[in-house]
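To start, the structure itself, in structure tokens.
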Amino acid sequence: MKNHILRPLWVAILLVSAILIARGLYVPDDFGVNGRNFTYGFHRKGNIEDWKAFPVKYRGRDYCKECHEDNYSSVSDSAHAVIQCENCHGPALGHPDNPEALEIDRSRGLCLRCHADLPYPGSQRGDLPAINPDEHNPDTPCADCHNPHNPEQEG
Amino acid sequence: MSKKCSRRNFIKKSIAGAVAAGLPLSAFKLLAPGEARAALKESNLRWAFLVDTRKCVGCGFCVKACKKENEVPYDVPVTRTWVERYVVTRDGRTHIDSPMGGRDGFTYKRIREEEIPDSEITKAFFVPKLCNQCQNPACVQVCPVGATYQTTDGVVLVDRTWCIGCGYCIMACPYGVRFFHPVHKVAEKCTFCYHRITKGLKTACVDACPFGARRIGNIKDENDPVTKTILTERVAVLKDEYGTKPHVFYLGLDERVR
């Protein structure tokens with residue numbers, strides 16, 4: 001064949017080879033079809049382990065029981081038994097070492113999430129004990145008068 | 001050029017020929033059919049989610065827990081799960097809002113600066129939303145680099161090291177559950193708390209819900225209480241007509257919810 005045809009051909013082959021070699025080095029070994037089929041399962045297999053290793057932050061109420069026995073039993077026997085401690089106090093990952101103390105949110109907003117009056121027919125919201133935030137002792141934290149761990153009692 | 005086959009020519013051509021022939025073959029090894037078949041082995045675990053809209057009171061603790069558990073920036077208006085409020089009035093209008101995805105709950109009757117008198121309301125309810133972990137996820141189909149995929153137990157995940165942030169998946173999702181992660185600069189979505197469900201825990205939002213409006217279970221296990229409810233009660237899914245086969249089921253869903 002003629003040189004002016006062969007030369008560009010070699011260049012092209014070299015280029016493609018270079019790209020393929022680079023791809024071979026860059027793409028991890030566990031990359032491939034790992035699921036149902038190519039459309040839905042073409043990925044790096046190790047990523048599943050990456051996601052499993054993500055840290056769990058919410059520990060659940062039974063964890064608090066070890067050290068906050070009083071709060072645990074008062075909440076468990078109250079109208080607020082359905083609410084997880086960490087909903088009001090934040091995730092307990094690392095507590096009590098770091099952070100030493102969890103957040104104490106005395107804002108009215110925390111309680112108004114459930115108790116602001118929204119008399120909605122067809123929704124369980126309408127059945128909760130409700131107050132009008134603008135009329136029910138405005139500007140005073142709810143916890144001054146109500147015990148958040150046992151709302152039947154005064155705070 | 002002479003047609004003569006010199007030793008130099010012969011060696012040059014055979015080396016180049018071998019390289020050219022060998023390389024493409026190694027590149028296509030990925031698609032070997034045997035490999036694909038091996039991966040097809042049936043799994044007896046398939047996660048599904050059940051939302052009871054009648055139980056939801058719109059406290060937003062699920063959204064708060066999700067953002068903290070999954071390190072989604074708290075004060076940026078992006079979230080993996082959110083709660084929508086629907087208020088239907090006598091004039092037939094539907095008022096919908098979801099301030100900050102419902103992260104701080106719904107503490108006022110006002111909706112989008114509009115006061116709605118109680119007497120005008122015919123029905124009103126809250127609808128929690130999250131990724132539907134579709135059986136045929138459109139978001140995975142469009143990914144050009146293989147950075148998002150479906151696990152054998154039915155959860156769609158994003159590989160943060162591999163995602164190039166092109167945003168195709170965000171646009172492909174009919175449910176709008178994907179967004180751009182402001183810190184990692186990649187596509188982000190609900191993982192059904194994959195790190196929790198694979199350890200035997202429930203998702204952060206399920207654990208946070210005080211009223212049992214959110215539940216998760218294995219739809220391939222007939223004795224699973226969630227599966228029993230899905231099989232025996234009247235459940236609905238969102239945007240069935242798209243053919244994505246969503247796996248988040250709703251009890252008490254209204255036609256106005258899209």
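Please note that chains go A, B, ... in the order of the structure tokens, that every chain numbers its residues from 1, and that ligands are numbered from 1 in the order shown.
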Proximity of chain A to chain B: per-residue shortest pair, 7 Å limit, only C-alpha atoms, as JSON lines:
{"residue": "A:Ile13", "atom": "CA", "partner": "B:Ala20", "partner_atom": "CA", "distance": 6.6}
{"residue": "A:Ser17", "atom": "CA", "partner": "B:Leu23", "partner_atom": "CA", "distance": 6.5}
{"residue": "A:Leu20", "atom": "CA", "partner": "B:Ala27", "partner_atom": "CA", "distance": 6.7}
{"residue": "A:Gly32", "atom": "CA", "partner": "B:Leu30", "partner_atom": "CA", "distance": 5.7}
{"residue": "A:Val33", "atom": "CA", "partner": "B:Ala36", "partner_atom": "CA", "distance": 5.7}
{"residue": "A:Asn34", "atom": "CA", "partner": "B:Ala39", "partner_atom": "CA", "distance": 5.5}
{"residue": "A:Gly35", "atom": "CA", "partner": "B:Ala39", "partner_atom": "CA", "distance": 5.5}
{"residue": "A:Arg36", "atom": "CA", "partner": "B:Leu40", "partner_atom": "CA", "distance": 5.2}
{"residue": "A:Asn37", "atom": "CA", "partner": "B:Ala36", "partner_atom": "CA", "distance": 6.1}
{"residue": "A:Thr39", "atom": "CA", "partner": "B:Gln141", "partner_atom": "CA", "distance": 5.9}
{"residue": "A:Tyr40", "atom": "CA", "partner": "B:Tyr149", "partner_atom": "CA", "distance": 5.3}
{"residue": "A:Gly41", "atom": "CA", "partner": "B:Tyr149", "partner_atom": "CA", "distance": 5.4}
{"residue": "A:Phe42", "atom": "CA", "partner": "B:Gly146", "partner_atom": "CA", "distance": 5.5}
{"residue": "A:His43", "atom": "CA", "partner": "B:Gly146", "partner_atom": "CA", "distance": 4.9}
{"residue": "A:Asn47", "atom": "CA", "partner": "B:Asp159", "partner_atom": "CA", "distance": 5.9}
{"residue": "A:Trp51", "atom": "CA", "partner": "B:His195", "partner_atom": "CA", "distance": 5.9}
{"residue": "A:Lys52", "atom": "CA", "partner": "B:His195", "partner_atom": "CA", "distance": 4.2}
{"residue": "A:Ala53", "atom": "CA", "partner": "B:His195", "partner_atom": "CA", "distance": 6.3}
{"residue": "A:Phe54", "atom": "CA", "partner": "B:His195", "partner_atom": "CA", "distance": 5.7}
{"residue": "A:Val56", "atom": "CA", "partner": "B:Arg196", "partner_atom": "CA", "distance": 6.6}
{"residue": "A:Lys57", "atom": "CA", "partner": "B:Glu69", "partner_atom": "CA", "distance": 5.5}
{"residue": "A:Tyr58", "atom": "CA", "partner": "B:Glu69", "partner_atom": "CA", "distance": 6.7}
{"residue": "A:Val82", "atom": "CA", "partner": "B:Pro210", "partner_atom": "CA", "distance": 4.9}
{"residue": "A:Ile83", "atom": "CA", "partner": "B:Pro210", "partner_atom": "CA", "distance": 5.0}
{"residue": "A:Gln84", "atom": "CA", "partner": "B:Ala208", "partner_atom": "CA", "distance": 6.4}
{"residue": "A:Asn87", "atom": "CA", "partner": "B:Phe61", "partner_atom": "CA", "distance": 6.2}
{"residue": "A:Leu112", "atom": "CA", "partner": "B:Thr107", "partner_atom": "CA", "distance": 5.6}
{"residue": "A:Arg113", "atom": "CA", "partner": "B:Cys59", "partner_atom": "CA", "distance": 4.6}
{"residue": "A:Cys114", "atom": "CA", "partner": "B:Cys59", "partner_atom": "CA", "distance": 5.5}
{"residue": "A:Ala116", "atom": "CA", "partner": "B:Thr107", "partner_atom": "CA", "distance": 5.3}
{"residue": "A:Leu118", "atom": "CA", "partner": "B:Lys109", "partner_atom": "CA", "distance": 6.4}
{"residue": "A:Tyr120", "atom": "CA", "partner": "B:Ala124", "partner_atom": "CA", "distance": 5.2}
{"residue": "A:Pro121", "atom": "CA", "partner": "B:Lys123", "partner_atom": "CA", "distance": 5.3}
{"residue": "A:Gly122", "atom": "CA", "partner": "B:Lys123", "partner_atom": "CA", "distance": 6.2}
{"residue": "A:Ser123", "atom": "CA", "partner": "B:Arg54", "partner_atom": "CA", "distance": 5.1}
{"residue": "A:Gln124", "atom": "CA", "partner": "B:Lys55", "partner_atom": "CA", "distance": 5.3}
{"residue": "A:Arg125", "atom": "CA", "partner": "B:Val57", "partner_atom": "CA", "distance": 4.3}
- [ ] Using backbone DSSP assignments, extract all strand (DSSP E) residues from chain A; output them as a ChimeraX atom specification.
- [x] /A:31-33,42-44
Task: Point-to-point distance from CA of Asp70 (chain A) to CA of Ala130 (chain A), Å rounded to tenths - done: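 Pair CA of Asp70 (chain A) / CA of Ala130 (chain A) returns 27.2 Å.
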Task: Selection near Ala92 (chain A), 10 Å with only C-alpha atoms, sequence-local residues under 6 positions removed, as JSON, numbers by chain - done: {"A": [56, 57, 58, 59, 60, 61, 63, 64, 85, 86, 98, 99, 100, 101, 102, 103]}
Open item on the list: Between CA of Val72 (chain B) and CA of Thr244 (chain B), what is the distance in Å, rounded to a tenth?
Closed with: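 One can read the CA of Val72 (chain B) to CA of Thr244 (chain B) distance as 26.1 Å.
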Open item on the list: Please report the interatomic distance between CA of Phe179 (chain B) and CA of Val206 (chain B) in Å with one decimal.
Closed with: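 CA of Val206 (chain B) lies at a distance of 21.7 Å from CA of Phe179 (chain B).
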- [ ] Would you please work out which residue, of A:His149, A:Arg108, A:Asn3, A:Asp134, is nearest to Ser76 (chain A) when using only C-alpha atoms?
- [x]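 Among the listed residues, the smallest separation from Ser76 (chain A) belongs to A:His149.
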I'd like to know which residues of chain A are helix (DSSP H, G or I) (by DSSP, run on the backbone); could you write them as a CSV table (one decimal) with N, CA and C atoms, in the first residue's frame?
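And here's result-v2.csv as it stands now:
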chain,number,residue,atom,x,y,z
A,3,ASN,N,2.4,4.8,1.1
A,3,ASN,CA,2.9,5.3,2.4
A,3,ASN,C,1.9,6.3,3.0
A,4,HIS,N,1.3,7.2,2.1
A,4,HIS,CA,0.5,8.3,2.7
A,4,HIS,C,-0.9,7.7,3.2
A,5,ILE,N,-1.2,6.5,2.9
A,5,ILE,CA,-2.3,5.8,3.4
A,5,ILE,C,-2.0,5.1,4.7
A,6,LEU,N,-0.8,4.4,4.7
A,6,LEU,CA,-0.4,3.6,5.8
A,6,LEU,C,-0.1,4.5,7.0
A,7,ARG,N,0.6,5.6,6.8
A,7,ARG,CA,1.0,6.4,8.0
A,7,ARG,C,-0.2,6.9,8.8
A,8,PRO,N,-1.2,7.5,8.3
A,8,PRO,CA,-2.3,7.9,9.1
A,8,PRO,C,-3.0,6.7,9.7
A,9,LEU,N,-3.0,5.6,9.1
A,9,LEU,CA,-3.6,4.4,9.6
A,9,LEU,C,-2.9,4.0,10.9
A,10,TRP,N,-1.5,4.0,10.8
A,10,TRP,CA,-0.8,3.7,12.0
A,10,TRP,C,-1.1,4.7,13.2
A,11,VAL,N,-1.1,5.9,12.8
A,11,VAL,CA,-1.4,6.9,13.8
A,11,VAL,C,-2.8,6.6,14.5
A,12,ALA,N,-3.7,6.3,13.7
A,12,ALA,CA,-5.1,6.1,14.2
A,12,ALA,C,-5.0,4.8,15.1
A,13,ILE,N,-4.4,3.8,14.7
A,13,ILE,CA,-4.3,2.6,15.5
A,13,ILE,C,-3.6,2.9,16.8
A,14,LEU,N,-2.5,3.6,16.7
A,14,LEU,CA,-1.8,4.0,18.0
A,14,LEU,C,-2.7,4.7,18.9
A,15,LEU,N,-3.4,5.7,18.4
A,15,LEU,CA,-4.3,6.5,19.2
A,15,LEU,C,-5.3,5.7,19.9
A,16,VAL,N,-6.0,4.8,19.1
A,16,VAL,CA,-7.0,4.0,19.7
A,16,VAL,C,-6.4,3.1,20.8
A,17,SER,N,-5.2,2.5,20.5
A,17,SER,CA,-4.6,1.7,21.5
A,17,SER,C,-4.3,2.4,22.8
A,18,ALA,N,-3.8,3.7,22.6
A,18,ALA,CA,-3.4,4.5,23.8
A,18,ALA,C,-4.7,4.7,24.6
A,19,ILE,N,-5.8,5.0,24.0
A,19,ILE,CA,-7.0,5.3,24.7
A,19,ILE,C,-7.5,4.0,25.5
A,20,LEU,N,-7.4,2.9,24.8
A,20,LEU,CA,-7.8,1.6,25.4
A,20,LEU,C,-6.9,1.2,26.5
A,21,ILE,N,-5.6,1.5,26.4
A,21,ILE,CA,-4.7,1.1,27.5
A,21,ILE,C,-5.0,2.0,28.7
A,22,ALA,N,-5.2,3.3,28.4
A,22,ALA,CA,-5.5,4.3,29.5
A,22,ALA,C,-6.8,3.8,30.2
A,23,ARG,N,-7.8,3.4,29.4
A,23,ARG,CA,-9.0,3.0,30.0
A,23,ARG,C,-8.8,1.8,30.9
A,24,GLY,N,-8.0,0.8,30.4
A,24,GLY,CA,-7.8,-0.4,31.1
A,24,GLY,C,-7.1,-0.1,32.5
A,25,LEU,N,-6.2,0.9,32.5
A,25,LEU,CA,-5.6,1.2,33.7
A,25,LEU,C,-6.5,2.0,34.7
A,26,TYR,N,-7.4,2.9,34.1
A,26,TYR,CA,-8.2,3.8,34.9
A,26,TYR,C,-9.4,3.1,35.5
A,38,PHE,N,-27.2,-5.3,31.8
A,38,PHE,CA,-26.3,-4.2,31.5
A,38,PHE,C,-26.9,-2.9,31.8
A,39,THR,N,-28.2,-2.8,31.4
A,39,THR,CA,-28.9,-1.5,31.6
A,39,THR,C,-29.0,-1.0,33.0
A,40,TYR,N,-29.2,-1.9,34.0
A,40,TYR,CA,-29.4,-1.5,35.4
A,40,TYR,C,-28.3,-1.9,36.3
A,41,GLY,N,-27.4,-2.8,35.8
A,41,GLY,CA,-26.4,-3.3,36.7
A,41,GLY,C,-24.9,-3.0,36.3
A,46,GLY,N,-17.6,-2.4,44.1
A,46,GLY,CA,-17.2,-2.0,45.4
A,46,GLY,C,-18.0,-0.8,46.0
A,47,ASN,N,-18.7,-0.1,45.1
A,47,ASN,CA,-19.5,1.0,45.7
A,47,ASN,C,-20.6,0.5,46.6
A,48,ILE,N,-21.1,-0.7,46.5
A,48,ILE,CA,-22.1,-1.2,47.4
A,48,ILE,C,-21.5,-1.2,48.8
A,49,GLU,N,-20.3,-1.7,48.9
A,49,GLU,CA,-19.7,-1.7,50.2
A,49,GLU,C,-19.4,-0.3,50.8
A,50,ASP,N,-19.1,0.6,49.9
A,50,ASP,CA,-18.9,2.0,50.3
A,50,ASP,C,-20.2,2.5,51.0
A,51,TRP,N,-21.3,2.2,50.4
A,51,TRP,CA,-22.6,2.7,50.9
A,51,TRP,C,-22.9,2.0,52.2
A,52,LYS,N,-22.6,0.7,52.3
A,52,LYS,CA,-22.9,0.0,53.6
A,52,LYS,C,-22.0,0.5,54.7
A,61,ARG,N,-34.2,4.8,70.9
A,61,ARG,CA,-34.5,5.1,72.2
A,61,ARG,C,-33.8,4.1,73.3
A,62,ASP,N,-33.7,2.9,72.9
A,62,ASP,CA,-33.2,1.9,73.9
A,62,ASP,C,-31.7,2.2,74.3
A,63,TYR,N,-31.0,2.9,73.4
A,63,TYR,CA,-29.7,3.3,73.7
A,63,TYR,C,-29.7,4.3,74.9
A,64,CYS,N,-30.6,5.3,74.9
A,64,CYS,CA,-30.7,6.3,75.9
A,64,CYS,C,-31.0,5.7,77.3
A,65,LYS,N,-31.7,4.6,77.3
A,65,LYS,CA,-32.2,4.0,78.5
A,65,LYS,C,-31.1,3.7,79.5
A,69,GLU,N,-32.2,6.9,82.5
A,69,GLU,CA,-33.3,6.0,82.9
A,69,GLU,C,-34.6,6.9,83.3
A,70,ASP,N,-34.4,8.0,84.0
A,70,ASP,CA,-35.6,8.8,84.4
A,70,ASP,C,-36.3,9.3,83.2
A,71,ASN,N,-35.6,10.0,82.3
A,71,ASN,CA,-36.3,10.5,81.1
A,71,ASN,C,-36.9,9.4,80.3
A,72,TYR,N,-36.2,8.3,80.2
A,72,TYR,CA,-36.8,7.2,79.4
A,72,TYR,C,-38.1,6.7,80.0
A,73,SER,N,-38.1,6.5,81.3
A,73,SER,CA,-39.4,6.0,81.9
A,73,SER,C,-40.5,7.0,81.9
A,74,SER,N,-40.2,8.3,82.1
A,74,SER,CA,-41.3,9.3,82.1
A,74,SER,C,-41.8,9.4,80.6
A,75,VAL,N,-41.0,9.4,79.6
A,75,VAL,CA,-41.5,9.5,78.3
A,75,VAL,C,-42.3,8.3,77.9
A,76,SER,N,-41.8,7.1,78.3
A,76,SER,CA,-42.4,5.9,77.9
A,76,SER,C,-43.8,5.8,78.4
A,85,CYS,N,-36.6,10.0,71.3
A,85,CYS,CA,-35.8,11.0,72.0
A,85,CYS,C,-35.0,11.9,70.9
A,86,GLU,N,-34.5,11.2,70.0
A,86,GLU,CA,-33.6,11.8,69.0
A,86,GLU,C,-34.3,12.8,68.1
A,87,ASN,N,-35.6,12.6,68.0
A,87,ASN,CA,-36.4,13.6,67.2
A,87,ASN,C,-36.2,15.0,67.8
A,88,CYS,N,-36.3,15.1,69.1
A,88,CYS,CA,-36.2,16.4,69.8
A,88,CYS,C,-34.7,16.7,70.1
A,89,HIS,N,-33.9,15.7,70.3
A,89,HIS,CA,-32.5,16.0,70.8
A,89,HIS,C,-31.4,15.8,69.8
A,108,ARG,N,-40.4,27.0,70.7
A,108,ARG,CA,-41.8,26.7,70.5
A,108,ARG,C,-42.0,25.9,69.2
A,109,GLY,N,-41.2,26.2,68.2
A,109,GLY,CA,-41.3,25.5,66.9
A,109,GLY,C,-41.3,24.0,67.1
A,110,LEU,N,-40.5,23.5,68.0
A,110,LEU,CA,-40.4,22.1,68.2
A,110,LEU,C,-41.7,21.4,68.5
A,111,CYS,N,-42.5,22.1,69.4
A,111,CYS,CA,-43.8,21.5,69.8
A,111,CYS,C,-44.9,21.8,68.8
A,112,LEU,N,-44.7,23.0,68.1
A,112,LEU,CA,-45.7,23.4,67.1
A,112,LEU,C,-45.8,22.5,65.9
A,113,ARG,N,-44.7,21.7,65.7
A,113,ARG,CA,-44.7,20.7,64.6
A,113,ARG,C,-46.0,19.9,64.6
A,114,CYS,N,-46.4,19.6,65.9
A,114,CYS,CA,-47.6,18.7,66.0
A,114,CYS,C,-48.8,19.4,66.6
A,115,HIS,N,-48.5,20.5,67.4
A,115,HIS,CA,-49.6,21.0,68.2
A,115,HIS,C,-50.2,22.3,67.6
A,124,GLN,N,-54.9,12.7,60.3
A,124,GLN,CA,-54.7,12.4,61.8
A,124,GLN,C,-54.3,13.7,62.5
A,125,ARG,N,-53.8,14.7,61.7
A,125,ARG,CA,-53.4,16.0,62.3
A,125,ARG,C,-54.5,16.6,63.1
A,126,GLY,N,-55.7,16.5,62.5
A,126,GLY,CA,-56.9,17.2,63.1
A,126,GLY,C,-57.3,16.6,64.5
A,127,ASP,N,-56.8,15.3,64.8
A,127,ASP,CA,-57.1,14.7,66.0
A,127,ASP,C,-56.2,15.0,67.2
A,142,CYS,N,-42.7,26.6,75.5
A,142,CYS,CA,-43.7,25.7,76.0
A,142,CYS,C,-43.2,24.9,77.2
A,143,ALA,N,-41.9,24.6,77.2
A,143,ALA,CA,-41.4,23.8,78.3
A,143,ALA,C,-41.4,24.5,79.7
A,144,ASP,N,-41.7,25.8,79.7
A,144,ASP,CA,-41.9,26.5,80.9
A,144,ASP,C,-43.1,26.0,81.7
Give me, as a short mmCIF file (atom, residue, chain, number, x, y, z; two decimals) with N, CA, C and O atoms, in the first residue's frame, all polymer residues having an atom no more than 9 Å from Cys166 (chain B), counting only C-alpha atoms and skipping those fewer than 5 positions away in the same chain.
data_model
loop_
_atom_site.label_atom_id
_atom_site.label_comp_id
_atom_site.auth_asym_id
_atom_site.auth_seq_id
_atom_site.Cartn_x
_atom_site.Cartn_y
_atom_site.Cartn_z
N CYS B 143 -27.79 7.10 32.57
CA CYS B 143 -26.43 7.43 33.04
C CYS B 143 -25.40 7.01 31.99
O CYS B 143 -25.34 5.86 31.59
N PRO B 144 -24.59 7.97 31.52
CA PRO B 144 -23.65 7.65 30.45
C PRO B 144 -22.38 6.94 30.93
O PRO B 144 -21.61 6.46 30.11
N VAL B 186 -22.07 15.81 43.06
CA VAL B 186 -22.53 14.68 42.24
C VAL B 186 -24.03 14.54 42.43
O VAL B 186 -24.63 15.19 43.28
N ALA B 187 -24.64 13.65 41.62
CA ALA B 187 -26.07 13.40 41.77
C ALA B 187 -26.32 12.72 43.11
O ALA B 187 -25.54 11.89 43.55
#
